[in-house]
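I have placed the structure first, in the form of structure tokens, so that the comments after it can refer back to it.
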Amino acid sequence: MGAWTDMAFILVVVLDLFLLASSRLGAAIRAVALQGALLSLLALLLTSSGHDLGHMLAVAGGAFFIKAFLIPWLMFRAIREMAIRREMEPLVGYVPSLILGGLGVVLSFALSRGLPLPTNEMHPFLVPTALATVWTGLLLVVSRRKAVTQVLGFLVLENGVFIFGLLLTDFMPVMVEAGVLLDLLAAVFVMGIVMFQINREFASLDTDALSSLKD
Amino acid sequence: MILRALLQIGVLLLLPPLLLGVVNRVKAIAAGRKGPPLLQLYFDLAKLLRKGAVYSRTTTWVFRAGPAVGLAAIATAGTMLPVAGQPAIVSFSGDFVLFAYLLALARFATALAALDTGSSFEGMGAAREVSFASMAEPTLFLVLVVMARATGSLSLSGMLGPALAPAWRAAAPALLLSAIALFVVALAENSRIPVDDPNTHLELTMIHEVMILDHSGPDLAFILYGASLKFFLFGALLVRLVADVGATGFWSAEGAFVLELLAFSVLVGVVESFMARLRLTRVPQMLVGASILSVFALVLLLR
Amino acid sequence: MTALLALLAAVVATASGLPGLLFRRRPTLAQRLSAGALCLAAAIGFGAALPVLAGSPPSVLHHAWGQPFASLSIRLDPLSAIFLVPILAIPALGAVYGLAYWPQAQLGARAIRLQLWYGVVAGSMALVCLADNALLFLFAWEVMALGGFFLVRSDGDRTDAQKASWVYLVAAHVGTFAIFAFFAAVGSARGSFDFAAWAGLRSTGAAAGWLALLALVGFGLKAGLVPLHFWLPGAHAAAPSHVSAVMSGVLLKTGVYGLFRTAGFFEAPPASWGIVLMALGAASGVLGVALALAQHDLKRLLAYHSVENIGIITMGLGLALLGRARGAPGLVLLGFAGAALHVVNHALFKSLLFLGAGSVQHATGTRNLEKLGGLARAMPWTAGLFLVGAAAISGLPPLNGFVSEWFVALGALRALELPLLDRASFAVLVAPVLALVGALAAACFVKVQGTVFLGNPRSADAARAHESPRAMLLPMALLAAACVGIGLLPSLVVGPLSRGAAAWSGMPLAELRPDALGALDSAAWIARVALLLLALVGAVLLWRRRQRTAPDPVSETWGCGYAYPTARMAYTGSSFAQILTSGFRWVLFPRVRFAPPRGFFPSSSRFSTEPREAVLDLALLPAVRDYISATSRVRHLIAGRLHVQALLVLATLIAMLAWRLLWW
């Protein structure tokens, strides 16, 4: 059991790194979906025995449906309609963003032991994985041009927050999950609307084109 | 005892060309061809060794010494690798540093020999070889450091010895990640797809093959044999890392080792058959990704 | 006794330039005498240093001096002895090289000047390593810095030499200022300026941190640690080659010596100091070699490699400091041994390479990599000896560079033995950094050896090259022999290095002994593997020779069907390094000129990159320029107007008075 949880956390981090390196949008969406599936699995794996199992099952199932199925489906639809396949010229190249991501992983794993936490750690990898995932999401949002990749970055960011949320399930059983899921849905809707809007107006999803509006 | 040592050296010296034959056969089958005989490389080597060599007017002694130095360095590195359930012929604390640097010496000699011809193609190949190698080298070190941490030993024989099985029980994720990184390094260092295509026919896209365009006869044989030896070394490192079956008897350990090596060759052949060669600009990305995986593995063990 | 000998060596070296002045009429004899004096100084110095390295106790010489706080204190301990050996040997070999490279018979007064300052620098470097009193140390340090300034200007009329020498002088004095501040603070706190009284400085608290930072800046500037390396490439490239060999090979090492000595003063330095040094060393190593890869000028390239090697030395020193902080004898021994041995090794192969570069310049008149090529045919000995140096600096077995890098790498791995959950065990990352630096250095020297000596000549100058005279080849051959010797017999150096580690760290030798024995065992194995390697190479080559019955046919290089290759088609150094330099764009800031081919029938297109020294050209010089232009307005205001000047003086007086009265 412990080894499986370890592996799931590590896979989440490896998917972070993969997202930083991949230029194909389809592969990146699949990676985010897989990450979402892993997160819902983790929510189950980390449930302490005294916990309300049915409630946890519901949360994990909901997370799985949204993160691993609904959002990827929306994203795939989006890229199909817009006929874009890959991020062409990221602001920060793939190798530098990989190195930055690796640095984030190293620092979060090396330093997270010293962080003061409100509750005892459920799993030694939980906090560093969350930190690394949030860092990856931020990097993606900042360093990519295409709106689709930025949405993906935002989703990864939300995934990181979700992992943090797992830490707090003992404290605030319902609040966290509901908040996270709602947040996510809202994000996708907003970004989706914005994306289609941009596409219709400018026939391009390059957010750099937006900055030319200011003159 | 002496018989066993001789047998180990025999495996080290005689098996390598067969592995490349297996790789080529797997690729041929995957492509729906019959493919060359498994022993083709032995035939090639025997033929080349009997032939004379042609030298370019531009070259100096560096060109003639290159293949010899390269082969000798790789063979010397081979003495440090524990071949089957036994410790290696040469084993001391910190020997893996020497192992990695001997491979670097082989590369240095080959690249210089390539530049000695004054050909732009060979210069290009040498540039790519040393550039990609300098990205792969830290990964190799990181993988070895992970193994040193997991097993508490600083020599290759210790790392790949009896301490490995408990290390897998204690630190499976880290070792698995570093094994993946090592596989990527093995593909890159041995000029395999997706980094380099050993069978390509366009000089502009080659890495290793273009460096040795001007070598002929026995020199070419040394290079080909050295390349197969290097393939063997990386394969042995990898299979001992991931699939140490822990067979106790000498013969069973040796047999299992050879079988695992053949499986490694099949795996490489499958990868080569079903992957496209990466664009040259994407190769650094893959190598850096491998180093980051291995850094991650190390951090998992150190925290 | 040995201290007296060492002092004698320093004096002889200092005076070695005098024959040139005294026998102006017979320049050849004078120069030979001067080179002979330096060789004599080296011999005396060896006589002093070797017994200390072999285990005889440190020797002290104390004599009063008229100056306040100063005393003529000389101390020869194993640490000084390790540095003293290359500091005396390299100038001697350089002087022999100078007989043919910079002959007094042809250059007259310029050569006399150079020899005078050359001797002074050699002697003062030796004195720096021997001084046991802060003021004596500073005196020698300042003489050395000034001597270096005049040496860089030996080629006086060239503007790049003048500019480089001024940058050097400013950097040297900023460094001296920091060291002066450090010495003054410690000396006034301890009430004595004798180093003997400084042992056991407290290393906790903010004050100790500031002191250490002062020493780091002062000595780091001399050593050329990134980002304090900016003065180094210009100065080393501008000087004549045998001077570059001395400056790059040993003058930098006085900065390293200062770091070692200072670290020895402190009692139980905290782990963070070691980690800072390792981080700086890693940055110097990687960035130094990245900058070197982008250079087109052979000597600038070599100078940047000094930054890289100083980085390796600093990583070793950091490991040794970490070992002292954690009480881990393995780290102390291996870190110190790696750093100290790399000091010697770098002196050997870097001097060899600079002398080789001098021979190339001597033979072709250029050191631009894009204009050289194919020199191995005309100058086989130089090419072969340069190759030994190139392989050694790349850390390849069976040469000396490998041995010291191996010590540092193994030291880094010993950090794994620190207790679990100790963050200092991240020091193990030094090992992969070392691998990266080594691989990049190998790439760079494949480029250098390939573009300078192999292939076809790229210019008429390169085609006219000739082999250097014997006086230039002999020192190079000796250096190469030393590189091979240390590489084949690493066991010899373990004993002296462990004595040095014990003397430096204050750990008893018995505590270091188990690790020293382990290192000795491994060193013996390295020697055996090296011999096996050589035997295998020999066997393959011998078989090849016997198998050959007729002379091999000769033909053109295979050009993929094209039968008339020219040198213009060959891969250039810049192209060779392009993959790696483009990966390091973020530190190199190259100036790129690119005219792409246009249209269906492109007439001309060109591409060239010019590396820049980022710290100097993009940060310091613009800052200085801005400062000057800002202050020039004030100058305009007061220039030639006496009353305004008087007003300024008055205003200053009033301001100071007010400050004195109100706040003080």
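Labels used: A, B, ... for chains in the order of the structure tokens, numbers from 1 for residues in each chain, and numbers from 1 for ligands as shown.
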Within 8 Å of B:Phe121 using only C-alpha atoms, minus same-chain residues under 5 positions, as a ChimeraX atom specification: /B:203-204,210-211 /C:559,571
Output file for the selection above: all heavy atoms, as a PDB file, in the first residue's frame:
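For reference, result.pdb as written:
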ATOM      1  N   GLU B 203      24.522  11.871 -44.389  1.00  0.00           N
ATOM      2  CA  GLU B 203      25.591  12.276 -43.491  1.00  0.00           C
ATOM      3  C   GLU B 203      25.178  13.435 -42.594  1.00  0.00           C
ATOM      4  O   GLU B 203      25.625  13.551 -41.466  1.00  0.00           O
ATOM      5  CB  GLU B 203      26.834  12.685 -44.291  1.00  0.00           C
ATOM      6  CG  GLU B 203      27.562  11.542 -44.951  1.00  0.00           C
ATOM      7  CD  GLU B 203      26.959  11.205 -46.304  1.00  0.00           C
ATOM      8  OE1 GLU B 203      25.884  11.731 -46.618  1.00  0.00           O
ATOM      9  OE2 GLU B 203      27.559  10.394 -47.016  1.00  0.00           O
ATOM     10  N   LEU B 204      24.315  14.303 -43.132  1.00  0.00           N
ATOM     11  CA  LEU B 204      23.966  15.498 -42.368  1.00  0.00           C
ATOM     12  C   LEU B 204      23.227  15.175 -41.085  1.00  0.00           C
ATOM     13  O   LEU B 204      23.221  15.960 -40.164  1.00  0.00           O
ATOM     14  CB  LEU B 204      23.083  16.417 -43.224  1.00  0.00           C
ATOM     15  CG  LEU B 204      23.845  17.242 -44.242  1.00  0.00           C
ATOM     16  CD1 LEU B 204      22.879  17.963 -45.138  1.00  0.00           C
ATOM     17  CD2 LEU B 204      24.730  18.241 -43.539  1.00  0.00           C
ATOM     18  N   VAL B 210      28.956   9.384 -38.717  1.00  0.00           N
ATOM     19  CA  VAL B 210      29.628  10.323 -39.600  1.00  0.00           C
ATOM     20  C   VAL B 210      31.041  10.619 -39.115  1.00  0.00           C
ATOM     21  O   VAL B 210      31.910  11.013 -39.879  1.00  0.00           O
ATOM     22  CB  VAL B 210      28.788  11.606 -39.729  1.00  0.00           C
ATOM     23  CG1 VAL B 210      28.894  12.446 -38.496  1.00  0.00           C
ATOM     24  CG2 VAL B 210      29.206  12.417 -40.934  1.00  0.00           C
ATOM     25  N   MET B 211      31.269  10.382 -37.805  1.00  0.00           N
ATOM     26  CA  MET B 211      32.622  10.629 -37.289  1.00  0.00           C
ATOM     27  C   MET B 211      33.624   9.635 -37.835  1.00  0.00           C
ATOM     28  O   MET B 211      34.823   9.900 -37.845  1.00  0.00           O
ATOM     29  CB  MET B 211      32.626  10.498 -35.764  1.00  0.00           C
ATOM     30  CG  MET B 211      32.099  11.686 -35.037  1.00  0.00           C
ATOM     31  SD  MET B 211      32.855  11.779 -33.428  1.00  0.00           S
ATOM     32  CE  MET B 211      32.389  10.243 -32.739  1.00  0.00           C
TER      33      MET B 211
ATOM     34  N   GLY C 559      34.681  13.028 -48.965  1.00  0.00           N
ATOM     35  CA  GLY C 559      33.837  14.217 -48.885  1.00  0.00           C
ATOM     36  C   GLY C 559      32.434  13.941 -49.346  1.00  0.00           C
ATOM     37  O   GLY C 559      31.789  14.823 -49.898  1.00  0.00           O
ATOM     38  N   TYR C 571      35.033  22.210 -40.656  1.00  0.00           N
ATOM     39  CA  TYR C 571      34.224  22.723 -39.550  1.00  0.00           C
ATOM     40  C   TYR C 571      35.079  23.678 -38.731  1.00  0.00           C
ATOM     41  O   TYR C 571      36.185  23.352 -38.333  1.00  0.00           O
ATOM     42  CB  TYR C 571      33.785  21.539 -38.692  1.00  0.00           C
ATOM     43  CG  TYR C 571      32.336  21.556 -38.312  1.00  0.00           C
ATOM     44  CD1 TYR C 571      31.367  21.830 -39.255  1.00  0.00           C
ATOM     45  CD2 TYR C 571      31.943  21.312 -37.013  1.00  0.00           C
ATOM     46  CE1 TYR C 571      30.026  21.846 -38.900  1.00  0.00           C
ATOM     47  CE2 TYR C 571      30.613  21.316 -36.654  1.00  0.00           C
ATOM     48  CZ  TYR C 571      29.660  21.585 -37.603  1.00  0.00           C
ATOM     49  OH  TYR C 571      28.347  21.596 -37.256  1.00  0.00           O
TER      50      TYR C 571
END
Chain A contacts to chain C at 10 Å (only C-alpha atoms) as number ranges by chain: A: 95-96, 110-111, 113
Exercise: stretch 12-15 of chain A partners within 9 Å, only C-alpha atoms, chain neighbours under 2 positions left out, as number ranges by chain: A: 7-10, 17-20, 31-32, 34-36, 38-39, 105, 129-130, 132-133; B: 293, 296
Shell around B:Ser291 at 12 Å using only C-alpha atoms, local window under 4 positions removed, as an NGL selection string: (:A and (17 or 95 or 98-99 or 102-103)) or (:B and (134-144 or 146 or 177-185 or 284-287 or 295-298)) or (:C and (432-433 or 436))
C:Val537, C:Ala54, C:Ala441, C:Val121 ranked by distance to B:Phe222, top pick (using only C-alpha atoms):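 Checking each of C:Val537, C:Ala54, C:Ala441, C:Val121 against B:Phe222, counting only C-alpha atoms, the winner is C:Val537.
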Shortest interatomic distance to chain C - which of B:Ala5, B:Leu19, B:Met147, B:Leu115, counting only C-alpha atoms: B:Leu115
Pick from B:Pro173, B:Gly118, B:Gly125, B:Gly217 nearest to chain A, counting only C-alpha atoms: B:Pro173
10 Å contact set for C:Gly506, only C-alpha atoms, chain neighbours under 5 positions out, as number ranges by chain: C: 199-200, 264, 267-268, 324, 500-501
DSSP helix (DSSP H, G or I) residues within stretch 20-248 of chain B, listed as a ChimeraX atom specification: /B:20-30,40-50,61-78,95-116,120-151,156-159,164-170,172-189,203-205,208-211,217-242
Go ahead and write the residues just picked, C-alpha atoms, as a short mmCIF file (atom, residue, chain, number, x, y, z; two decimals), in the first residue's frame.
data_model
loop_
_atom_site.label_atom_id
_atom_site.label_comp_id
_atom_site.auth_asym_id
_atom_site.auth_seq_id
_atom_site.Cartn_x
_atom_site.Cartn_y
_atom_site.Cartn_z
CA LEU B 20 23.96 -5.69 -31.84
CA GLY B 21 22.99 -8.58 -34.10
CA VAL B 22 19.94 -9.17 -31.92
CA VAL B 23 19.02 -5.50 -32.07
CA ASN B 24 19.23 -5.51 -35.85
CA ARG B 25 17.26 -8.73 -36.13
CA VAL B 26 14.47 -7.32 -33.96
CA LYS B 27 14.35 -4.18 -36.07
CA ALA B 28 14.21 -6.26 -39.25
CA ILE B 29 11.38 -8.43 -37.97
CA ALA B 30 9.43 -5.38 -36.83
CA GLN B 40 26.75 -10.59 -39.06
CA LEU B 41 28.95 -8.27 -37.01
CA TYR B 42 31.41 -11.11 -36.31
CA PHE B 43 31.69 -11.72 -40.05
CA ASP B 44 32.18 -8.01 -40.70
CA LEU B 45 34.87 -7.75 -38.05
CA ALA B 46 36.71 -10.79 -39.38
CA LYS B 47 36.61 -9.38 -42.89
CA LEU B 48 37.72 -5.89 -41.90
CA LEU B 49 40.60 -7.18 -39.79
CA ARG B 50 42.04 -8.97 -42.81
CA TRP B 61 49.17 9.93 -36.21
CA VAL B 62 46.17 11.12 -34.17
CA PHE B 63 43.87 9.55 -36.75
CA ARG B 64 45.72 6.24 -36.63
CA ALA B 65 45.88 6.15 -32.84
CA GLY B 66 42.25 7.15 -32.33
CA PRO B 67 40.57 3.76 -32.84
CA ALA B 68 43.21 1.94 -30.79
CA VAL B 69 42.89 4.35 -27.86
CA GLY B 70 39.12 4.23 -28.07
CA LEU B 71 38.96 0.44 -28.04
CA ALA B 72 41.55 0.12 -25.27
CA ALA B 73 39.76 2.66 -23.08
CA ILE B 74 36.40 0.94 -23.44
CA ALA B 75 37.92 -2.48 -22.80
CA THR B 76 39.70 -1.15 -19.71
CA ALA B 77 36.42 0.28 -18.46
CA GLY B 78 34.96 -3.19 -18.93
CA ASP B 95 36.07 3.03 -9.40
CA PHE B 96 32.93 4.19 -11.20
CA VAL B 97 34.46 7.64 -11.65
CA LEU B 98 37.30 5.99 -13.51
CA PHE B 99 34.75 3.93 -15.47
CA ALA B 100 32.93 7.04 -16.67
CA TYR B 101 36.13 8.94 -17.45
CA LEU B 102 37.55 6.03 -19.44
CA LEU B 103 34.46 6.16 -21.64
CA ALA B 104 35.09 9.90 -21.96
CA LEU B 105 38.66 9.16 -23.04
CA ALA B 106 37.36 6.88 -25.79
CA ARG B 107 35.08 9.65 -26.98
CA PHE B 108 37.91 12.20 -26.86
CA ALA B 109 40.11 9.99 -29.03
CA THR B 110 37.36 9.25 -31.56
CA ALA B 111 36.33 12.89 -31.87
CA LEU B 112 39.92 14.03 -32.36
CA ALA B 113 40.45 11.39 -35.02
CA ALA B 114 37.34 12.70 -36.77
CA LEU B 115 38.62 16.27 -36.72
CA ASP B 116 41.97 15.08 -38.04
CA SER B 120 33.21 19.20 -42.34
CA PHE B 121 30.92 16.19 -42.01
CA GLU B 122 33.17 14.54 -39.51
CA GLY B 123 33.65 17.80 -37.66
CA MET B 124 29.89 18.05 -37.42
CA GLY B 125 29.61 14.53 -36.05
CA ALA B 126 32.35 15.17 -33.52
CA ALA B 127 30.67 18.38 -32.39
CA ARG B 128 27.37 16.61 -31.86
CA GLU B 129 28.97 13.66 -30.12
CA VAL B 130 30.86 15.73 -27.55
CA SER B 131 27.97 18.14 -27.03
CA PHE B 132 25.39 15.46 -26.36
CA ALA B 133 27.87 13.48 -24.30
CA SER B 134 28.42 16.43 -22.02
CA MET B 135 24.70 16.44 -21.36
CA ALA B 136 24.58 12.68 -20.78
CA GLU B 137 27.64 12.48 -18.54
CA PRO B 138 26.11 14.20 -15.48
CA THR B 139 23.12 11.86 -15.72
CA LEU B 140 25.36 8.83 -15.66
CA PHE B 141 27.06 10.22 -12.57
CA LEU B 142 23.76 11.00 -10.90
CA VAL B 143 22.50 7.48 -11.52
CA LEU B 144 25.67 6.06 -10.05
CA VAL B 145 25.37 8.39 -7.05
CA VAL B 146 21.80 7.18 -6.50
CA MET B 147 23.05 3.61 -6.57
CA ALA B 148 25.88 4.50 -4.18
CA ARG B 149 23.39 6.07 -1.78
CA ALA B 150 20.94 3.19 -1.99
CA THR B 151 23.54 0.47 -1.48
CA LEU B 156 30.61 -0.73 -9.01
CA SER B 157 30.98 -4.27 -7.71
CA GLY B 158 29.49 -3.21 -4.39
CA MET B 159 26.65 -1.26 -5.96
CA LEU B 164 21.24 -4.20 -4.32
CA ALA B 165 18.31 -6.44 -3.43
CA PRO B 166 17.67 -4.81 -0.01
CA ALA B 167 18.16 -1.43 -1.66
CA TRP B 168 15.32 -2.22 -4.05
CA ARG B 169 13.08 -3.06 -1.14
CA ALA B 170 13.95 0.19 0.61
CA ALA B 172 12.31 1.19 -5.24
CA PRO B 173 10.96 4.49 -6.66
CA ALA B 174 14.34 6.19 -6.73
CA LEU B 175 16.06 3.20 -8.28
CA LEU B 176 13.32 2.84 -10.88
CA LEU B 177 13.60 6.50 -11.88
CA SER B 178 17.34 6.26 -12.15
CA ALA B 179 17.04 3.08 -14.20
CA ILE B 180 14.84 4.96 -16.68
CA ALA B 181 17.40 7.77 -16.80
CA LEU B 182 20.15 5.22 -17.32
CA PHE B 183 18.26 3.68 -20.22
CA VAL B 184 18.01 7.08 -21.90
CA VAL B 185 21.74 7.63 -21.36
CA ALA B 186 22.44 4.18 -22.76
CA LEU B 187 20.47 4.98 -25.92
CA ALA B 188 22.26 8.32 -26.33
CA GLU B 189 25.76 7.07 -25.59
CA GLU B 203 25.59 12.28 -43.49
CA LEU B 204 23.97 15.50 -42.37
CA THR B 205 21.77 13.71 -39.86
CA HIS B 208 28.42 8.69 -34.46
CA GLU B 209 28.50 7.13 -37.91
CA VAL B 210 29.63 10.32 -39.60
CA MET B 211 32.62 10.63 -37.29
CA GLY B 217 39.96 -1.80 -42.58
CA PRO B 218 41.17 -2.84 -39.12
CA ASP B 219 40.67 0.69 -37.76
CA LEU B 220 36.98 0.47 -38.60
CA ALA B 221 36.89 -2.98 -37.04
CA PHE B 222 38.31 -1.58 -33.79
CA ILE B 223 35.68 1.14 -33.80
CA LEU B 224 32.78 -1.19 -34.53
CA TYR B 225 33.94 -3.66 -31.93
CA GLY B 226 34.48 -0.85 -29.41
CA ALA B 227 30.96 0.40 -30.05
CA SER B 228 29.50 -3.05 -29.44
CA LEU B 229 31.58 -3.35 -26.27
CA LYS B 230 30.22 -0.04 -25.05
CA PHE B 231 26.70 -1.22 -25.80
CA PHE B 232 27.45 -4.31 -23.75
CA LEU B 233 28.77 -2.24 -20.84
CA PHE B 234 25.69 -0.04 -20.62
CA GLY B 235 23.43 -3.04 -21.07
CA ALA B 236 25.22 -4.92 -18.32
CA LEU B 237 24.99 -1.93 -16.00
CA LEU B 238 21.29 -1.63 -16.63
CA VAL B 239 20.34 -5.29 -16.36
CA ARG B 240 22.38 -5.73 -13.22
CA LEU B 241 20.59 -2.73 -11.78
CA VAL B 242 17.01 -3.70 -12.59
#
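Note that the spacing between atom CA of C:Ile526 and atom CA of C:Phe402 amounts to 9.8 Å.
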Computed interatomic separation between atom CA of C:Arg545 and atom CA of C:Leu375 (Å):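 Computing it gives 25.4 Å between the two atoms.
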Distance in Å - atom CA of C:Trp210 versus atom CA of C:Val332: 23.9 Å
Shell around C:Leu478 at 12 Å using only C-alpha atoms, local window under 6 positions removed, as an MDAnalysis selection string: chainID C and resid 89:90 92:94 96:97 348:349 351:352 355 385 388:389 471:472 484:485
Deliver the residues from the most recent selection as a file, using N, CA and C atoms, as a tab-separated table (two decimals), in the first residue's frame.
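Produced file out_2.tsv, reproduced below:
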chain	number	residue	atom	x	y	z
C	89	ALA	N	58.63	26.27	-9.55
C	89	ALA	CA	58.98	25.47	-10.73
C	89	ALA	C	58.50	26.13	-12.02
C	90	ILE	N	57.28	26.64	-12.01
C	90	ILE	CA	56.71	27.15	-13.27
C	90	ILE	C	57.48	28.38	-13.77
C	92	ALA	N	60.57	29.05	-13.38
C	92	ALA	CA	61.86	28.59	-13.89
C	92	ALA	C	61.70	28.03	-15.31
C	93	LEU	N	60.69	27.19	-15.49
C	93	LEU	CA	60.47	26.62	-16.81
C	93	LEU	C	60.08	27.72	-17.81
C	94	GLY	N	59.27	28.67	-17.33
C	94	GLY	CA	58.88	29.76	-18.20
C	94	GLY	C	60.08	30.58	-18.64
C	96	VAL	N	63.15	29.50	-19.02
C	96	VAL	CA	63.87	28.74	-20.05
C	96	VAL	C	63.17	28.91	-21.40
C	97	TYR	N	61.86	28.85	-21.35
C	97	TYR	CA	61.06	29.04	-22.57
C	97	TYR	C	61.30	30.43	-23.14
C	348	LEU	N	50.61	22.72	-13.67
C	348	LEU	CA	51.39	21.97	-14.67
C	348	LEU	C	50.73	22.04	-16.05
C	349	PHE	N	49.44	21.65	-16.13
C	349	PHE	CA	48.91	21.55	-17.50
C	349	PHE	C	48.52	22.90	-18.06
C	351	SER	N	50.18	25.72	-17.57
C	351	SER	CA	51.41	26.31	-18.08
C	351	SER	C	51.80	25.64	-19.40
C	352	LEU	N	51.66	24.31	-19.42
C	352	LEU	CA	51.97	23.58	-20.65
C	352	LEU	C	51.13	24.12	-21.81
C	355	LEU	N	52.22	27.67	-22.80
C	355	LEU	CA	53.47	27.64	-23.55
C	355	LEU	C	53.21	27.12	-24.97
C	385	LEU	N	52.69	17.57	-27.42
C	385	LEU	CA	52.76	18.01	-26.03
C	385	LEU	C	51.48	18.75	-25.64
C	388	VAL	N	48.82	16.33	-24.75
C	388	VAL	CA	48.92	15.82	-23.38
C	388	VAL	C	48.25	16.80	-22.42
C	389	GLY	N	48.56	18.10	-22.60
C	389	GLY	CA	47.95	19.09	-21.73
C	389	GLY	C	46.45	19.14	-21.89
C	471	ALA	N	64.65	25.19	-26.94
C	471	ALA	CA	64.49	25.84	-25.64
C	471	ALA	C	63.01	26.02	-25.29
C	472	MET	N	62.18	26.08	-26.31
C	472	MET	CA	60.75	26.20	-26.03
C	472	MET	C	60.11	24.83	-25.82
C	484	VAL	N	52.08	13.25	-16.93
C	484	VAL	CA	51.97	11.80	-17.06
C	484	VAL	C	52.41	11.11	-15.77
C	485	GLY	N	53.49	11.66	-15.18
C	485	GLY	CA	54.04	11.02	-13.98
C	485	GLY	C	53.02	10.98	-12.85
